[in-house]
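Content type PDB, N, CA and C atoms, from the file start.pdb:
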```
ATOM      1  N   MET A  29     -25.931  27.958 -19.315
ATOM      2  CA  MET A  29     -25.496  28.387 -18.006
ATOM      3  C   MET A  29     -26.544  28.063 -16.945
ATOM      4  N   LYS A  30     -27.813  28.416 -17.233
ATOM      5  CA  LYS A  30     -28.877  28.133 -16.275
ATOM      6  C   LYS A  30     -29.059  26.630 -16.079
ATOM      7  N   LYS A  31     -28.919  25.862 -17.156
ATOM      8  CA  LYS A  31     -29.097  24.414 -17.062
ATOM      9  C   LYS A  31     -28.040  23.794 -16.154
ATOM     10  N   SER A  32     -26.820  24.288 -16.229
ATOM     11  CA  SER A  32     -25.762  23.728 -15.383
ATOM     12  C   SER A  32     -25.997  24.079 -13.915
ATOM     13  N   ARG A  33     -26.498  25.271 -13.633
ATOM     14  CA  ARG A  33     -26.819  25.652 -12.248
ATOM     15  C   ARG A  33     -27.936  24.772 -11.704
ATOM     16  N   ILE A  34     -28.947  24.564 -12.499
ATOM     17  CA  ILE A  34     -30.069  23.728 -12.076
ATOM     18  C   ILE A  34     -29.582  22.304 -11.816
ATOM     19  N   ALA A  35     -28.723  21.803 -12.687
ATOM     20  CA  ALA A  35     -28.191  20.446 -12.515
ATOM     21  C   ALA A  35     -27.388  20.347 -11.229
ATOM     22  N   VAL A  36     -26.561  21.347 -10.934
ATOM     23  CA  VAL A  36     -25.754  21.344  -9.717
ATOM     24  C   VAL A  36     -26.659  21.393  -8.480
ATOM     25  N   ILE A  37     -27.684  22.219  -8.520
ATOM     26  CA  ILE A  37     -28.620  22.330  -7.394
ATOM     27  C   ILE A  37     -29.361  21.008  -7.191
ATOM     28  N   MET A  38     -29.766  20.375  -8.276
ATOM     29  CA  MET A  38     -30.468  19.095  -8.159
ATOM     30  C   MET A  38     -29.561  18.021  -7.573
ATOM     31  N   ILE A  39     -28.331  17.961  -8.006
ATOM     32  CA  ILE A  39     -27.378  16.970  -7.484
ATOM     33  C   ILE A  39     -27.130  17.215  -6.003
ATOM     34  N   ALA A  40     -26.946  18.466  -5.637
ATOM     35  CA  ALA A  40     -26.725  18.805  -4.230
ATOM     36  C   ALA A  40     -27.934  18.423  -3.375
ATOM     37  N   SER A  41     -29.110  18.653  -3.898
ATOM     38  CA  SER A  41     -30.338  18.295  -3.167
ATOM     39  C   SER A  41     -30.436  16.799  -2.955
ATOM     40  N   VAL A  42     -30.137  16.034  -3.981
ATOM     41  CA  VAL A  42     -30.183  14.574  -3.875
ATOM     42  C   VAL A  42     -29.169  14.085  -2.852
ATOM     43  N   LEU A  43     -27.973  14.636  -2.876
ATOM     44  CA  LEU A  43     -26.956  14.238  -1.915
ATOM     45  C   LEU A  43     -27.374  14.565  -0.484
ATOM     46  N   CYS A  44     -27.915  15.747  -0.280
ATOM     47  CA  CYS A  44     -28.372  16.131   1.058
ATOM     48  C   CYS A  44     -29.468  15.199   1.564
ATOM     49  N   LEU A  45     -30.408  14.883   0.711
ATOM     50  CA  LEU A  45     -31.489  13.981   1.106
ATOM     51  C   LEU A  45     -30.976  12.578   1.404
ATOM     52  N   SER A  46     -30.018  12.102   0.624
ATOM     53  CA  SER A  46     -29.493  10.752   0.867
ATOM     54  C   SER A  46     -28.736  10.692   2.189
ATOM     55  N   PHE A  47     -28.009  11.751   2.545
ATOM     56  CA  PHE A  47     -27.329  11.786   3.837
ATOM     57  C   PHE A  47     -28.332  11.841   4.984
ATOM     58  N   ALA A  48     -29.416  12.572   4.804
ATOM     59  CA  ALA A  48     -30.445  12.678   5.849
ATOM     60  C   ALA A  48     -31.124  11.329   6.077
ATOM     61  N   VAL A  49     -31.413  10.611   5.007
ATOM     62  CA  VAL A  49     -32.034   9.293   5.142
ATOM     63  C   VAL A  49     -31.082   8.332   5.824
ATOM     64  N   HIS A  50     -29.812   8.365   5.456
ATOM     65  CA  HIS A  50     -28.808   7.486   6.076
ATOM     66  C   HIS A  50     -28.674   7.803   7.558
ATOM     67  N   ALA A  51     -28.645   9.046   7.918
ATOM     68  CA  ALA A  51     -28.522   9.438   9.322
ATOM     69  C   ALA A  51     -29.739   8.994  10.120
ATOM     70  N   ALA A  52     -30.909   9.029   9.518
ATOM     71  CA  ALA A  52     -32.124   8.611  10.214
ATOM     72  C   ALA A  52     -32.103   7.117  10.521
ATOM     73  N   ASP A  53     -31.478   6.308   9.649
ATOM     74  CA  ASP A  53     -31.395   4.871   9.868
ATOM     75  C   ASP A  53     -30.440   4.514  10.998
ATOM     76  N   GLU A  54     -29.436   5.329  11.218
ATOM     77  CA  GLU A  54     -28.419   5.016  12.211
ATOM     78  C   GLU A  54     -28.909   5.166  13.635
ATOM     79  N   GLY A  55     -29.759   6.085  13.911
ATOM     80  CA  GLY A  55     -30.189   6.336  15.274
ATOM     81  C   GLY A  55     -29.300   7.375  15.941
ATOM     82  N   ASP A  56     -29.730   7.836  17.078
ATOM     83  CA  ASP A  56     -29.037   8.883  17.825
ATOM     84  C   ASP A  56     -28.312   8.251  19.006
ATOM     85  N   LYS A  57     -26.975   8.265  18.977
ATOM     86  CA  LYS A  57     -26.172   7.630  20.033
ATOM     87  C   LYS A  57     -26.411   8.269  21.396
ATOM     88  N   ARG A  58     -26.566   9.573  21.424
ATOM     89  CA  ARG A  58     -26.764  10.274  22.695
ATOM     90  C   ARG A  58     -28.092   9.858  23.327
ATOM     91  N   LYS A  59     -29.144   9.825  22.514
ATOM     92  CA  LYS A  59     -30.442   9.384  23.014
ATOM     93  C   LYS A  59     -30.404   7.902  23.382
ATOM     94  N   GLY A  60     -29.622   7.135  22.638
ATOM     95  CA  GLY A  60     -29.490   5.708  22.927
ATOM     96  C   GLY A  60     -28.839   5.447  24.265
ATOM     97  N   LYS A  61     -27.836   6.239  24.587
ATOM     98  CA  LYS A  61     -27.158   6.090  25.887
ATOM     99  C   LYS A  61     -28.144   6.375  27.016
ATOM    100  N   TYR A  62     -28.929   7.426  26.869
ATOM    101  CA  TYR A  62     -29.927   7.784  27.871
ATOM    102  C   TYR A  62     -30.973   6.676  27.998
ATOM    103  N   ALA A  63     -31.485   6.205  26.855
ATOM    104  CA  ALA A  63     -32.522   5.171  26.867
ATOM    105  C   ALA A  63     -31.993   3.874  27.473
ATOM    106  N   TYR A  64     -30.751   3.506  27.152
ATOM    107  CA  TYR A  64     -30.144   2.273  27.682
ATOM    108  C   TYR A  64     -30.058   2.341  29.202
ATOM    109  N   ARG A  65     -29.590   3.450  29.709
ATOM    110  CA  ARG A  65     -29.505   3.608  31.167
ATOM    111  C   ARG A  65     -30.893   3.646  31.801
ATOM    112  N   ASN A  66     -31.837   4.273  31.120
ATOM    113  CA  ASN A  66     -33.192   4.386  31.645
ATOM    114  C   ASN A  66     -33.880   3.025  31.756
ATOM    115  N   VAL A  67     -33.556   2.100  30.849
ATOM    116  CA  VAL A  67     -34.116   0.746  30.915
ATOM    117  C   VAL A  67     -33.765   0.115  32.259
ATOM    118  N   PHE A  68     -32.511   0.254  32.658
ATOM    119  CA  PHE A  68     -32.076  -0.375  33.905
ATOM    120  C   PHE A  68     -32.603   0.353  35.138
ATOM    121  N   LYS A  69     -32.775   1.666  35.037
ATOM    122  CA  LYS A  69     -33.383   2.403  36.157
ATOM    123  C   LYS A  69     -34.835   1.965  36.341
ATOM    124  N   THR A  70     -35.550   1.808  35.236
ATOM    125  CA  THR A  70     -36.934   1.349  35.287
ATOM    126  C   THR A  70     -37.003  -0.058  35.863
ATOM    127  N   CYS A  71     -36.101  -0.901  35.430
ATOM    128  CA  CYS A  71     -36.064  -2.277  35.905
ATOM    129  C   CYS A  71     -35.761  -2.317  37.408
ATOM    130  N   HIS A  72     -34.831  -1.482  37.849
ATOM    131  CA  HIS A  72     -34.471  -1.411  39.268
ATOM    132  C   HIS A  72     -35.657  -0.935  40.102
ATOM    133  N   ALA A  73     -36.428   0.003  39.565
ATOM    134  CA  ALA A  73     -37.601   0.504  40.282
ATOM    135  C   ALA A  73     -38.645  -0.604  40.466
ATOM    136  N   GLN A  74     -38.755  -1.482  39.478
ATOM    137  CA  GLN A  74     -39.707  -2.587  39.555
ATOM    138  C   GLN A  74     -39.192  -3.717  40.431
ATOM    139  N   ASN A  75     -37.870  -3.899  40.434
ATOM    140  CA  ASN A  75     -37.261  -5.003  41.173
ATOM    141  C   ASN A  75     -35.931  -4.514  41.764
ATOM    142  N   PRO A  76     -35.924  -4.068  43.015
ATOM    143  CA  PRO A  76     -34.714  -3.489  43.620
ATOM    144  C   PRO A  76     -33.490  -4.413  43.648
ATOM    145  N   SER A  77     -33.687  -5.698  43.449
ATOM    146  CA  SER A  77     -32.534  -6.601  43.437
ATOM    147  C   SER A  77     -31.714  -6.478  42.146
ATOM    148  N   VAL A  78     -32.310  -5.858  41.134
ATOM    149  CA  VAL A  78     -31.610  -5.636  39.865
ATOM    150  C   VAL A  78     -30.819  -4.331  39.974
ATOM    151  N   SER A  79     -29.590  -4.351  39.468
ATOM    152  CA  SER A  79     -28.740  -3.161  39.518
ATOM    153  C   SER A  79     -29.353  -2.010  38.733
ATOM    154  N   GLU A  80     -29.153  -0.806  39.240
ATOM    155  CA  GLU A  80     -29.640   0.391  38.553
ATOM    156  C   GLU A  80     -28.744   0.743  37.369
ATOM    157  N   LYS A  81     -27.513   0.233  37.394
ATOM    158  CA  LYS A  81     -26.575   0.497  36.301
ATOM    159  C   LYS A  81     -26.640  -0.647  35.296
ATOM    160  N   PRO A  82     -26.405  -0.351  34.017
ATOM    161  CA  PRO A  82     -26.441  -1.405  32.998
ATOM    162  C   PRO A  82     -25.469  -2.540  33.333
ATOM    163  N   SER A  83     -25.941  -3.756  33.133
ATOM    164  CA  SER A  83     -25.130  -4.924  33.456
ATOM    165  C   SER A  83     -24.114  -5.257  32.367
ATOM    166  N   ILE A  84     -24.333  -4.757  31.165
ATOM    167  CA  ILE A  84     -23.434  -5.035  30.044
ATOM    168  C   ILE A  84     -22.951  -3.721  29.454
ATOM    169  N   ASN A  85     -21.639  -3.529  29.450
ATOM    170  CA  ASN A  85     -21.036  -2.328  28.874
ATOM    171  C   ASN A  85     -20.998  -2.437  27.356
ATOM    172  N   PRO A  86     -20.981  -1.324  26.654
ATOM    173  CA  PRO A  86     -20.898  -1.365  25.191
ATOM    174  C   PRO A  86     -19.668  -2.111  24.677
ATOM    175  N   ASP A  87     -18.549  -2.026  25.412
ATOM    176  CA  ASP A  87     -17.325  -2.680  24.936
ATOM    177  C   ASP A  87     -17.283  -4.177  25.255
ATOM    178  N   ALA A  88     -18.369  -4.734  25.775
ATOM    179  CA  ALA A  88     -18.423  -6.165  26.089
ATOM    180  C   ALA A  88     -18.606  -7.021  24.837
ATOM    181  N   LYS A  89     -19.027  -6.403  23.738
ATOM    182  CA  LYS A  89     -19.286  -7.137  22.499
ATOM    183  C   LYS A  89     -18.729  -6.356  21.302
ATOM    184  N   THR A  90     -18.597  -7.050  20.190
ATOM    185  CA  THR A  90     -18.156  -6.396  18.961
ATOM    186  C   THR A  90     -19.358  -5.748  18.277
ATOM    187  N   GLN A  91     -19.080  -4.929  17.282
ATOM    188  CA  GLN A  91     -20.153  -4.278  16.539
ATOM    189  C   GLN A  91     -21.087  -5.304  15.909
ATOM    190  N   ALA A  92     -20.526  -6.355  15.337
ATOM    191  CA  ALA A  92     -21.347  -7.394  14.702
ATOM    192  C   ALA A  92     -22.227  -8.109  15.727
ATOM    193  N   GLN A  93     -21.689  -8.354  16.918
ATOM    194  CA  GLN A  93     -22.477  -9.017  17.952
ATOM    195  C   GLN A  93     -23.646  -8.142  18.401
ATOM    196  N   TRP A  94     -23.397  -6.838  18.576
ATOM    197  CA  TRP A  94     -24.490  -5.930  18.965
ATOM    198  C   TRP A  94     -25.555  -5.892  17.882
ATOM    199  N   LYS A  95     -25.138  -5.781  16.625
ATOM    200  CA  LYS A  95     -26.106  -5.721  15.526
ATOM    201  C   LYS A  95     -26.953  -6.991  15.471
ATOM    202  N   LYS A  96     -26.321  -8.142  15.718
ATOM    203  CA  LYS A  96     -27.056  -9.403  15.696
ATOM    204  C   LYS A  96     -28.112  -9.435  16.806
ATOM    205  N   ILE A  97     -27.747  -8.966  18.001
ATOM    206  CA  ILE A  97     -28.697  -8.932  19.120
ATOM    207  C   ILE A  97     -29.912  -8.099  18.758
ATOM    208  N   PHE A  98     -29.687  -6.945  18.145
ATOM    209  CA  PHE A  98     -30.806  -6.057  17.823
ATOM    210  C   PHE A  98     -31.557  -6.509  16.569
ATOM    211  N   ASP A  99     -30.884  -7.186  15.656
ATOM    212  CA  ASP A  99     -31.587  -7.724  14.487
ATOM    213  C   ASP A  99     -32.529  -8.858  14.889
ATOM    214  N   THR A 100     -32.077  -9.697  15.829
ATOM    215  CA  THR A 100     -32.888 -10.831  16.271
ATOM    216  C   THR A 100     -33.794 -10.474  17.448
ATOM    217  N   LYS A 101     -33.589  -9.273  18.017
ATOM    218  CA  LYS A 101     -34.352  -8.796  19.182
ATOM    219  C   LYS A 101     -34.263  -9.785  20.354
ATOM    220  N   ASP A 102     -33.041 -10.297  20.556
ATOM    221  CA  ASP A 102     -32.774 -11.247  21.639
ATOM    222  C   ASP A 102     -32.208 -10.480  22.831
ATOM    223  N   PHE A 103     -33.086  -9.959  23.684
ATOM    224  CA  PHE A 103     -32.672  -9.129  24.805
ATOM    225  C   PHE A 103     -32.662  -9.882  26.137
ATOM    226  N   ALA A 104     -32.743 -11.215  26.091
ATOM    227  CA  ALA A 104     -32.819 -12.017  27.313
ATOM    228  C   ALA A 104     -31.608 -11.799  28.220
ATOM    229  N   GLN A 105     -30.432 -11.619  27.644
ATOM    230  CA  GLN A 105     -29.228 -11.458  28.454
ATOM    231  C   GLN A 105     -29.205 -10.169  29.273
ATOM    232  N   PHE A 106     -30.046  -9.207  28.907
ATOM    233  CA  PHE A 106     -30.126  -7.961  29.656
ATOM    234  C   PHE A 106     -31.034  -8.071  30.870
ATOM    235  N   GLY A 107     -31.919  -9.063  30.876
ATOM    236  CA  GLY A 107     -32.929  -9.160  31.924
ATOM    237  C   GLY A 107     -34.054  -8.179  31.651
ATOM    238  N   CYS A 108     -35.025  -8.135  32.530
ATOM    239  CA  CYS A 108     -36.158  -7.204  32.412
ATOM    240  C   CYS A 108     -36.811  -7.271  31.036
ATOM    241  N   LYS A 109     -37.195  -8.456  30.624
ATOM    242  CA  LYS A 109     -37.784  -8.646  29.297
ATOM    243  C   LYS A 109     -38.988  -7.733  29.054
ATOM    244  N   ASP A 110     -39.802  -7.521  30.089
ATOM    245  CA  ASP A 110     -41.002  -6.703  29.905
ATOM    246  C   ASP A 110     -40.652  -5.249  29.593
ATOM    247  N   VAL A 111     -39.577  -4.729  30.187
ATOM    248  CA  VAL A 111     -39.160  -3.348  29.913
ATOM    249  C   VAL A 111     -38.641  -3.239  28.478
ATOM    250  N   TRP A 112     -37.827  -4.206  28.053
ATOM    251  CA  TRP A 112     -37.305  -4.200  26.683
ATOM    252  C   TRP A 112     -38.427  -4.346  25.668
ATOM    253  N   ALA A 113     -39.437  -5.147  25.998
ATOM    254  CA  ALA A 113     -40.551  -5.372  25.071
ATOM    255  C   ALA A 113     -41.370  -4.105  24.835
ATOM    256  N   LYS A 114     -41.378  -3.202  25.798
ATOM    257  CA  LYS A 114     -42.177  -1.975  25.687
ATOM    258  C   LYS A 114     -41.453  -0.843  24.952
ATOM    259  N   LEU A 115     -40.170  -1.019  24.642
ATOM    260  CA  LEU A 115     -39.412   0.049  23.973
ATOM    261  C   LEU A 115     -39.882   0.228  22.533
ATOM    262  N   SER A 116     -39.902   1.466  22.102
ATOM    263  CA  SER A 116     -40.288   1.759  20.718
ATOM    264  C   SER A 116     -39.164   1.365  19.765
ATOM    265  N   ALA A 117     -39.495   1.263  18.498
ATOM    266  CA  ALA A 117     -38.493   0.948  17.478
ATOM    267  C   ALA A 117     -37.411   2.030  17.450
ATOM    268  N   GLU A 118     -37.813   3.280  17.650
ATOM    269  CA  GLU A 118     -36.850   4.380  17.660
ATOM    270  C   GLU A 118     -35.880   4.237  18.836
ATOM    271  N   ASP A 119     -36.400   3.912  20.030
ATOM    272  CA  ASP A 119     -35.527   3.715  21.185
ATOM    273  C   ASP A 119     -34.557   2.564  20.952
ATOM    274  N   LEU A 120     -35.057   1.459  20.405
ATOM    275  CA  LEU A 120     -34.184   0.316  20.119
ATOM    276  C   LEU A 120     -33.101   0.687  19.111
ATOM    277  N   ASN A 121     -33.479   1.450  18.089
ATOM    278  CA  ASN A 121     -32.515   1.890  17.079
ATOM    279  C   ASN A 121     -31.455   2.798  17.705
ATOM    280  N   ASN A 122     -31.879   3.703  18.584
ATOM    281  CA  ASN A 122     -30.942   4.602  19.256
ATOM    282  C   ASN A 122     -30.007   3.828  20.192
ATOM    283  N   ILE A 123     -30.555   2.878  20.953
ATOM    284  CA  ILE A 123     -29.726   2.076  21.857
ATOM    285  C   ILE A 123     -28.721   1.262  21.053
ATOM    286  N   CYS A 124     -29.167   0.682  19.960
ATOM    287  CA  CYS A 124     -28.258  -0.086  19.098
ATOM    288  C   CYS A 124     -27.120   0.795  18.595
ATOM    289  N   SER A 125     -27.435   2.003  18.157
ATOM    290  CA  SER A 125     -26.401   2.926  17.676
ATOM    291  C   SER A 125     -25.391   3.245  18.772
ATOM    292  N   TYR A 126     -25.889   3.462  19.988
ATOM    293  CA  TYR A 126     -25.003   3.746  21.121
ATOM    294  C   TYR A 126     -24.084   2.562  21.403
ATOM    295  N   LEU A 127     -24.650   1.367  21.469
ATOM    296  CA  LEU A 127     -23.850   0.186  21.799
ATOM    297  C   LEU A 127     -22.851  -0.150  20.692
ATOM    298  N   VAL A 128     -23.267  -0.032  19.439
ATOM    299  CA  VAL A 128     -22.364  -0.304  18.316
ATOM    300  C   VAL A 128     -21.224   0.710  18.283
ATOM    301  N   SER A 129     -21.539   1.975  18.568
ATOM    302  CA  SER A 129     -20.495   3.010  18.518
ATOM    303  C   SER A 129     -19.456   2.826  19.619
ATOM    304  N   GLY A 130     -19.827   2.155  20.713
ATOM    305  CA  GLY A 130     -18.886   1.930  21.806
ATOM    306  C   GLY A 130     -18.407   0.502  21.913
ATOM    307  N   ALA A 131     -18.642  -0.294  20.870
ATOM    308  CA  ALA A 131     -18.273  -1.714  20.884
ATOM    309  C   ALA A 131     -16.767  -1.908  21.000
ATOM    310  N   ALA A 132     -16.375  -3.117  21.362
ATOM    311  CA  ALA A 132     -14.968  -3.442  21.571
ATOM    312  C   ALA A 132     -14.110  -3.163  20.342
ATOM    313  N   ASP A 133     -14.659  -3.384  19.147
ATOM    314  CA  ASP A 133     -13.884  -3.175  17.925
ATOM    315  C   ASP A 133     -14.157  -1.813  17.269
ATOM    316  N   SER A 134     -14.806  -0.927  17.994
ATOM    317  CA  SER A 134     -15.057   0.416  17.453
ATOM    318  C   SER A 134     -13.830   1.294  17.708
ATOM    319  N   PRO A 135     -13.755   2.431  17.035
ATOM    320  CA  PRO A 135     -12.620   3.344  17.264
ATOM    321  C   PRO A 135     -12.563   3.867  18.697
ATOM    322  N   THR A 136     -13.719   3.943  19.374
ATOM    323  CA  THR A 136     -13.762   4.452  20.753
ATOM    324  C   THR A 136     -14.602   3.535  21.639
ATOM    325  N   PRO A 137     -14.023   2.403  22.098
ATOM    326  CA  PRO A 137     -14.776   1.510  22.986
ATOM    327  C   PRO A 137     -15.219   2.271  24.249
ATOM    328  N   ALA A 138     -16.417   1.956  24.736
ATOM    329  CA  ALA A 138     -16.978   2.699  25.855
ATOM    330  C   ALA A 138     -17.448   1.767  26.967
ATOM    331  N   LYS A 139     -17.410   2.297  28.173
ATOM    332  CA  LYS A 139     -17.961   1.616  29.338
ATOM    333  C   LYS A 139     -19.037   2.515  29.925
ATOM    334  N   CYS A 140     -20.070   1.924  30.495
ATOM    335  CA  CYS A 140     -21.084   2.713  31.191
ATOM    336  C   CYS A 140     -20.499   3.111  32.538
ATOM    337  N   LYS A 141     -20.659   4.354  32.867
ATOM    338  CA  LYS A 141     -20.107   4.840  34.150
ATOM    339  C   LYS A 141     -21.214   5.184  35.095
TER     340      LYS A 141
END
```

Turn this file's structure into structure tokens for me.
Amino acid sequence: MKKSRIAVIMIASVLCLSFAVHAADEGDKRKGKYAYRNVFKTCHAQNPSVSEKPSINPDAKTQAQWKKIFDTKDFAQFGCKDVWAKLSAEDLNNICSYLVSGAADSPTPAKCK
């Protein structure tokens, strides 16, 4: 009886830890939305000719296209290369999660408002 309880507790612990690790890899969409908008606000502050609002909406690309951009770290199409270069890995991961979750082929395509 005790052995079966211990086995169940161990299995539950392993499952909980695996979900936590998976969630950590995905990034935080809410923080990503904030960071994405903040990149353009920072860029606008440095160069007023650049729009304060993001130039590319999440629904402008598919999930695979967004993932490719972040895998290759090709941020030239966004402009403000120096601002993108200064972002932490966590910020990039969060922004990627936000953009992928709102991609054209996602269940809930999103536009920046």

Next item on the list: Apply the PyMOL selection byres ((chain A and resi 57) around 6) to the file shown and report the selected residues as a list in words.
Entry: Gly55, Asp56, Arg58, Lys59, Gly60, Lys61, Asn122, Ser125 and Tyr126 of chain A

Next item on the list: May I have the residues within 7 Å of segment 82-97 of chain A as a PyMOL selection string, using only N, CA and C atoms and disregarding those fewer than 6 positions away in the same chain?
Entry: chain A and resi 64-65+68-69+103+106+124+126-134+137-140

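Nearest residue to Asp119 of chain A among A:His72, A:Thr136, A:Phe98, A:Val78 is A:Phe98, counting only C-alpha atoms.
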
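Counting from atom N of Trp112 of chain A, the distance to atom CA of Val67 of chain A is 6.8 Å.
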
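Relative to atom C of Asp102 of chain A, atom N of Asn75 of chain A is found at 19.6 Å.
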